[in-house]
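I have placed the structure first, in the form of structure tokens, so that the comments after it can refer back to it.
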Amino acid sequence: MRLRSFFVVLGICLVGAAPLAGCAQEAPDPAAALRAGQYEDARAQLEARVQATDRTDEEVSAYFDTFRLTGAYEEGLREAEALLQNAPNDAFLHHAHGQLLVDVGRYEEAEAAFVKAGQANTDYHRNALDLADLYEATGRRGQAQRLYNAIYRRYRAGEFRTAKDLAAGGRAAAASEDFHEANAAFRTAHQLDPNNVAVLFEWAELFRAKYNEADAQRTYQDALALAPNHPDVLVGMAQSVGSFAQKEELAQRALATNPNHVGALSLMASLRILDDNFEAAEELLNRALAVNPVAIDALAHQATIYRLLGDEQAFVETSMQALNVNSLASSFYVTIAENLTLQFRYPDVVEVAQLAVRTDPGDPKAHGTLGTALLRLGDTQQARRHLELSFDDDPFNLFVGNTLTLLDEYENFSLLEGPNVQLLIHNDERDVLGPAMLEEAEAAYAALSERYPYTPPGKLFVEAYNDPSDFAVRIAGVPHLGLLGVSFGDVVALNTPRAQAGNPYNWARTLWHELAHTMAIGVSQNQVPRWFTEGLSVYEEQRARGDWGREMDLELFAAMDRDALLDLDNIDEGFTRPQFPGQVLLSYYHASKVIGFMVEQHGFESITGTLQELATGKTIAEALEAATGETIFAIDDAFRADLQQQRAALMGVLEAMPDLLEEEVPLIAREAGQNPFLQKLNEGADALANENYDTAETRYREALAMYPNYAGAGNAYVGLAAIYRARDEQQKLIDILRQYLDIAEHAADEARELGMLYAETGQPQDAITYLRRSLEIDPYDLPTHEQLADLNDQLQRHDRAIPYRRAVLALNPVDQARAHYALAQSLHGNGETVTAKRAVLQALEQAPGFRDAQRLLLTIVEGSGNREAGSGDL
């Protein structure tokens, strides 16, 4: 429940104005001033009217909204109290007085003011609604509901005709859980008065409360088109958007109008918590609580800080302060849980969400929060129970509904088991991708567990999704724009390439990345900051495989030259609120370079040591100093000095380089200008297009000599490969493809080509290496699976051939009989007689006259002996 301010569109002429004919042309227009955010002007225009004995509700409300919208709460209270001395029975003044008292947290006095207003005017619906909201905010739900129901009944009886009354009916309908009727009421109100910002704001709030973010944002935008500086609308819009950068920009705009806006201050504090900047968050919350000492949202953010810092006593005391205001304030704990989710504190989220459910067992959002938190930790059974309780009470929560649907869809998934990892993967991809993914997960776990002092209590659980919508549902609550995988600790979720159709994607690299997160989260006990764990995961990718390196040195140097490379004490902002295109990806790379620098300077033990220090509750600055003996600022300074030395080696490449931070387009697509590196690439491409191979080769080789790490579009490796194909220079083609694949992140086609070249030249092991690599990006290429099976059978490694044979069948080949026969051959070679017979029989079902299959069946039967042959296997 939110307590908020409103203003209405006025159509009045001030006392002393010209006659009606000239009024619209010459008289001041307080409504226009209000919409334009000229609140001082509107106040001055309305001041005389509120002194008049025939003042109206609209005039009083608009006048005092000028105080509320600018945060001049105390001044507004003094004005209201002065006016009430001369008009102690004025319902409108008592109502305005009550609203201001609510703004500053003086709830008992606000209640008395609303009661007096209601006694003076029993038909004052807005006053009754605000009183009901106050009852709801202070935990008196029964009293609140009686008022809501009474207003709703009058609305249903058709007593409301004006836009403001219909909006009141809409609010009451929503509180009475008739959301369709509420929507209809707001729609009618808007049709009657399209310029009424209060109606649009309340309508948007309804959409947001029922998880319809698209309609909420559109309606907030409509309100802002009328009143671009309205702080309540700006904060509502900020709460509905997903971008942290947008949230901050909108909150800042609200504070420019109302520097005391508790909602905007609380929102800004939540963003500072996201950045681990607790000092700045505390300053913002102190400002908010100075205005309203009992603001539940602000108290929740304050309690979050105490929880993150390990101050359990302060956490409990703040919780009691919130519950003393509202004993049913489950929203207090839900807000904390949302903050902790963004800090990777998943076990803590479960604990806090349980407090939310205990505080108000009937709150569907609390149950939804707990169900989601339990699911992140792999407790599917308990998660489902709470999610169902949530959805039963609030079927508008599409996220909860979609999560329950996802749980139902797990019936279409298979569970593959390894010694240390369980893999949940869709049946459609079980045989195509499952064995390779499980093998890679086991390899990653084995390598990482040797280096990190963390042993999971059970098997790691990896979930692979081939539907991007399912993945989005699974990771909801975590900032997931563009994410390919997420680690919740010992539970990991990631996309398969099918979920990234049309986009180059390496599932194996993503798997290593997320399992490295598992180690960082485990060692730090969920207390690792974003930049450190992301940098560490990228570092581990590069350590596992050189071709997984995210080469962004040129962008890194460009950011440093522009002074846009964030300091380590605020580097997290690059992940959450980027200031230029590509900053998010650059922040990953920047952080990984810092990790690599620390390893070079202090050894890998400085990394594990930092994680272990974080587990004790230290901040990242304290943990780094404890592990390295250097402050975070000294580490940053030394890192930047090292970067400057690296930059000096690339002066020729960086000379006259186009701005790499302006837009995310391939380097080769930019205007070369006077940059010698780009000139070489362009000249090579032009010569290649004209089949001038000698010149093309020379220019590409010169480009490689200048900067061999460029693997993006138009790179020299691909150009040289085209030249050597045209010349039919096989060994040169092999050499350049191998060099390219040493640094290329994707390049499935080139990996397949190199694998086939090695197969043709009698180098089966190298062929297997590169063909397997191509499946990391394109696991659905049937000929590659066939070739890998054949190569492994050729090397008498039938056990390795079998998964590829099964993948071929799962990919639905044209010749099913031949595929079953090939599987039977591999199974027979591996000594799996029973399954080999089953496979060859399936081949013969498809093609009864298949002579090779008949011979293989005879061989199997004769080899298995008469006893087995007579046991019914045939």
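Identifiers for the structure tokens are assigned positionally: chains receive A, B, ... in sequence, residues are indexed from 1 per chain, and ligands are indexed from 1 in the order shown.
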
Query raised in the report: Any idea what's packed within 6 Å of Asp547 of chain A, counting only C-alpha atoms, ignoring anything in its chain fewer than 5 positions away? Could you give it as a list of chain:residue names?
Result: A:Asp742, A:Ile743, A:Ala744, A:Glu745

**Report entry** Residue with smallest distance to Asp490 of chain A - pool A:Leu771, A:Ala443, A:Leu375, A:Ala110, counting only C-alpha atoms
**Finding:** A:Leu375

Query raised in the report: Which of segment 683-832 of chain A counts as alpha helix (DSSP H) under DSSP, as a PyMOL selection string please?
Result: chain A and resi 683-689+693-706+716-727+730-741+748-760+764-775+782-794+798-810+816-829

Using only C-alpha atoms, determine which residues lie at most 9 Å from Arg307 of chain A, disregarding the query and same-chain residues fewer than 4 positions distant; provide the list as a CSV table (one decimal) with all heavy atoms, in the first residue's frame.
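Full text of selection_9.csv as output:
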chain,number,residue,atom,x,y,z
A,302,GLN,N,17.5,0.2,4.9
A,302,GLN,CA,18.4,0.4,6.0
A,302,GLN,C,18.7,-1.0,6.6
A,302,GLN,O,19.9,-1.3,6.9
A,302,GLN,CB,17.8,1.3,7.1
A,302,GLN,CG,18.9,1.7,8.1
A,302,GLN,CD,18.3,2.8,9.0
A,302,GLN,OE1,17.3,2.5,9.8
A,302,GLN,NE2,18.9,4.0,9.0
A,303,ALA,N,17.7,-1.8,6.8
A,303,ALA,CA,17.9,-3.1,7.4
A,303,ALA,C,18.7,-4.0,6.4
A,303,ALA,O,19.5,-4.8,6.9
A,303,ALA,CB,16.5,-3.8,7.6
A,311,ASP,N,25.4,-7.0,10.8
A,311,ASP,CA,25.0,-6.4,12.1
A,311,ASP,C,23.6,-6.9,12.4
A,311,ASP,O,22.6,-6.2,12.2
A,311,ASP,CB,25.0,-4.9,12.0
A,311,ASP,CG,24.9,-4.2,13.4
A,311,ASP,OD1,24.4,-4.8,14.3
A,311,ASP,OD2,25.2,-3.0,13.5
A,312,GLU,N,23.5,-8.1,13.0
A,312,GLU,CA,22.2,-8.7,13.3
A,312,GLU,C,21.4,-7.9,14.3
A,312,GLU,O,20.2,-7.9,14.1
A,312,GLU,CB,22.4,-10.1,13.7
A,312,GLU,CG,21.2,-11.0,13.7
A,312,GLU,CD,20.6,-11.2,12.3
A,312,GLU,OE1,21.3,-11.0,11.3
A,312,GLU,OE2,19.4,-11.4,12.2
A,314,ALA,N,21.3,-4.7,14.8
A,314,ALA,CA,20.7,-3.5,14.1
A,314,ALA,C,19.6,-4.0,13.2
A,314,ALA,O,18.6,-3.3,13.0
A,314,ALA,CB,21.7,-2.7,13.4
A,315,PHE,N,19.8,-5.1,12.5
A,315,PHE,CA,18.8,-5.6,11.6
A,315,PHE,C,17.5,-5.9,12.4
A,315,PHE,O,16.4,-5.6,11.9
A,315,PHE,CB,19.3,-6.9,11.0
A,315,PHE,CG,18.3,-7.6,10.1
A,315,PHE,CD1,18.1,-7.1,8.8
A,315,PHE,CD2,17.6,-8.7,10.5
A,315,PHE,CE1,17.1,-7.8,8.0
A,315,PHE,CE2,16.6,-9.3,9.7
A,315,PHE,CZ,16.4,-8.9,8.5
A,336,ILE,N,13.7,-6.3,1.4
A,336,ILE,CA,15.1,-6.8,1.8
A,336,ILE,C,15.5,-8.0,0.9
A,336,ILE,O,16.6,-8.0,0.4
A,336,ILE,CB,15.1,-7.1,3.3
A,336,ILE,CG1,14.8,-5.9,4.1
A,336,ILE,CG2,16.4,-7.7,3.7
A,336,ILE,CD1,14.5,-6.2,5.6
A,340,LEU,N,18.8,-8.4,-1.4
A,340,LEU,CA,19.8,-9.4,-1.2
A,340,LEU,C,19.9,-10.3,-2.4
A,340,LEU,O,21.0,-10.8,-2.7
A,340,LEU,CB,19.3,-10.3,0.0
A,340,LEU,CG,19.3,-9.6,1.4
A,340,LEU,CD1,18.8,-10.5,2.5
A,340,LEU,CD2,20.7,-9.2,1.8
A,348,ASP,N,20.4,-16.2,2.3
A,348,ASP,CA,19.8,-15.1,3.1
A,348,ASP,C,18.4,-14.7,2.6
A,348,ASP,O,17.5,-14.4,3.4
A,348,ASP,CB,20.7,-13.9,3.2
A,348,ASP,CG,21.9,-14.0,4.1
A,348,ASP,OD1,21.9,-15.0,4.9
A,348,ASP,OD2,22.8,-13.2,4.1

**Report entry** Val334 of chain A surroundings by only C-alpha atoms, 10 Å radius, close-in-sequence under 2 positions cut, as a ChimeraX atom specification
**Finding:** /A:297,300,329-332,336-340,349,352-357,365-370

Report task. Quote the spacing between atom CA of Trp548 of chain A and atom CA of Leu568 of chain A in Å to one decimal place. Result -> 24.3 Å

Requested in this report: Excluding Thr188 of chain A and residues on its chain fewer than 3 positions from it, collect all residues at most 8 Å away from it, counting only C-alpha atoms, and give them as a list of chain:residue names.
Outcome: A:Ala163, A:Leu166, A:Ala184, A:Ala185, A:Gln191, A:Leu192

Output the selection as an mmCIF file, in the first residue's frame - N, CA and C atoms for each residue.
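What landed in again.cif:
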data_model
loop_
_atom_site.group_PDB
_atom_site.id
_atom_site.type_symbol
_atom_site.label_atom_id
_atom_site.label_comp_id
_atom_site.auth_asym_id
_atom_site.auth_seq_id
_atom_site.Cartn_x
_atom_site.Cartn_y
_atom_site.Cartn_z
ATOM 1 N N ALA A 163 -14.781 12.239 -12.995
ATOM 2 C CA ALA A 163 -13.535 11.490 -13.163
ATOM 3 C C ALA A 163 -12.884 11.187 -11.829
ATOM 4 N N LEU A 166 -14.858 8.464 -10.049
ATOM 5 C CA LEU A 166 -14.641 7.169 -10.688
ATOM 6 C C LEU A 166 -13.252 6.613 -10.364
ATOM 7 N N ALA A 184 -11.646 -0.857 -15.449
ATOM 8 C CA ALA A 184 -12.755 -0.233 -16.174
ATOM 9 C C ALA A 184 -13.068 1.145 -15.607
ATOM 10 N N ALA A 185 -13.005 1.282 -14.284
ATOM 11 C CA ALA A 185 -13.288 2.570 -13.650
ATOM 12 C C ALA A 185 -12.264 3.617 -14.080
ATOM 13 N N GLN A 191 -11.428 8.728 -19.867
ATOM 14 C CA GLN A 191 -12.227 9.192 -21.000
ATOM 15 C C GLN A 191 -12.966 10.484 -20.670
ATOM 16 N N LEU A 192 -13.440 10.591 -19.420
ATOM 17 C CA LEU A 192 -14.140 11.804 -19.008
ATOM 18 C C LEU A 192 -13.197 12.991 -18.876
#

**Report entry** Straight-line distance linking atom CA of Leu791 of chain A with atom CA of Arg818 of chain A, stated in Å to one decimal
**Finding:** 16.9 Å

Requested in this report: Any chance you could list, as a PyMOL selection string, the residues in segment 348-566 of chain A that come up strand (DSSP E or B) when DSSP is run on the backbone?
Outcome: chain A and resi 413-417+421-426+460-465+485-487+491-495

Each residue of segment 319-417 of chain A lying at most 10 Å from segment 129-153 of chain A should get a row with its shortest atom-to-atom pair and the distance in Å to one decimal, counting only C-alpha atoms; could you produce that, ordered by chain and increasing number, as CSV?
residue,atom,partner,partner_atom,distance
A:Ala322,CA,A:Thr138,CA,9.8
A:Leu323,CA,A:Gly139,CA,8.9
A:Asn324,CA,A:Thr138,CA,8.5
A:Val325,CA,A:Thr138,CA,5.5
A:Asn326,CA,A:Thr138,CA,4.4
A:Ser327,CA,A:Gly139,CA,5.7
A:Leu328,CA,A:Gly139,CA,5.5
A:Ala329,CA,A:Gly139,CA,7.2

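Remark: for Asp408 of chain A, the closest of the candidate residues A:Glu47, A:Asp394, A:Glu862, A:Asp470 is A:Asp470 (distances computed over only C-alpha atoms).
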
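If you look at atom CA of Pro658 of chain A and atom CA of Phe580 of chain A, they are 15.1 Å away from each other.
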
**Report entry** Spatial neighbours of Asp275 of chain A, 9 Å, only C-alpha atoms, chain gap at least 5 places, as a list of chain:residue names
**Finding:** A:Ser270, A:Pro529, A:Arg530, A:Asp569, A:Asn570, A:Ile571, A:Asp572, A:Glu573, A:Thr576

Can I get the selection written as a CSV table (one decimal), in the first residue's frame, with N, CA, C and O atoms?
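In the end it all went to selection_10.csv:
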chain,number,residue,atom,x,y,z
A,270,SER,N,18.6,2.3,-2.8
A,270,SER,CA,18.7,0.9,-3.2
A,270,SER,C,19.7,0.7,-4.3
A,270,SER,O,20.4,-0.4,-4.4
A,529,PRO,N,31.4,-9.3,-4.1
A,529,PRO,CA,30.8,-8.3,-5.0
A,529,PRO,C,30.8,-8.6,-6.4
A,529,PRO,O,31.5,-9.5,-6.9
A,530,ARG,N,29.9,-7.9,-7.1
A,530,ARG,CA,29.7,-8.3,-8.5
A,530,ARG,C,30.9,-8.2,-9.4
A,530,ARG,O,31.2,-9.1,-10.1
A,569,ASP,N,36.6,1.2,-6.7
A,569,ASP,CA,35.6,1.4,-5.7
A,569,ASP,C,34.2,1.7,-6.2
A,569,ASP,O,33.2,1.8,-5.5
A,570,ASN,N,34.1,2.0,-7.6
A,570,ASN,CA,32.7,2.2,-8.1
A,570,ASN,C,32.6,1.4,-9.5
A,570,ASN,O,31.7,1.7,-10.3
A,571,ILE,N,33.4,0.4,-9.7
A,571,ILE,CA,33.4,-0.3,-10.9
A,571,ILE,C,32.0,-1.0,-11.2
A,571,ILE,O,31.6,-1.2,-12.3
A,572,ASP,N,31.3,-1.4,-10.1
A,572,ASP,CA,30.0,-2.1,-10.3
A,572,ASP,C,29.0,-1.3,-11.1
A,572,ASP,O,28.1,-1.8,-11.7
A,573,GLU,N,29.1,0.0,-11.0
A,573,GLU,CA,28.2,0.9,-11.8
A,573,GLU,C,28.3,0.6,-13.3
A,573,GLU,O,27.3,0.8,-14.0
A,576,THR,N,25.7,-2.1,-13.9
A,576,THR,CA,24.3,-1.9,-13.7
A,576,THR,C,23.8,-0.6,-14.3
A,576,THR,O,22.6,-0.5,-14.7

Report task. Write out as a PyMOL selection string each polymer residue whose atoms come within 10 Å of segment 616-618 of chain A, counting only C-alpha atoms; drop sequence neighbours fewer than 2 positions from it. Result -> chain A and resi 308-311+524-525+527-528+610-614+620-624+626

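With only C-alpha atoms as the atoms that count, the minimum distance from Ala256 of chain A to the choices A:Ile723, A:Leu483, A:Leu404, A:Leu69 is reached by A:Leu69.
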
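The nearest approach to Ala508 of chain A among the residues A:Leu775, A:Val350, A:Ala174, A:Leu643, with only C-alpha atoms taken into account, belongs to A:Leu775.
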
What are the closest atom pairs, with distances in Å to one decimal, for each residue of segment 703-818 of chain A lying within 8 Å of segment 682-696 of chain A, using only C-alpha atoms, rows by chain and rising residue number, as CSV?
residue,atom,partner,partner_atom,distance
A:Gly714,CA,A:Ala685,CA,7.7
A:Ala716,CA,A:Gly684,CA,7.9
A:Gly719,CA,A:Ala685,CA,7.0
A:Leu720,CA,A:Ala696,CA,7.9
A:Ile723,CA,A:Tyr693,CA,6.1

Serialized selection, C-alpha atoms, as a compact mmCIF listing (two decimals), in the first residue's frame:
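Produced file result19.txt, reproduced below:
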# COMPACT_ATOMS: atom_id res chain seq x y z
CA GLY A 714 37.00 -8.50 -41.30
CA ALA A 716 43.20 -10.84 -41.20
CA GLY A 719 41.04 -13.01 -45.16
CA LEU A 720 44.20 -15.13 -45.34
CA ILE A 723 43.38 -16.60 -50.03
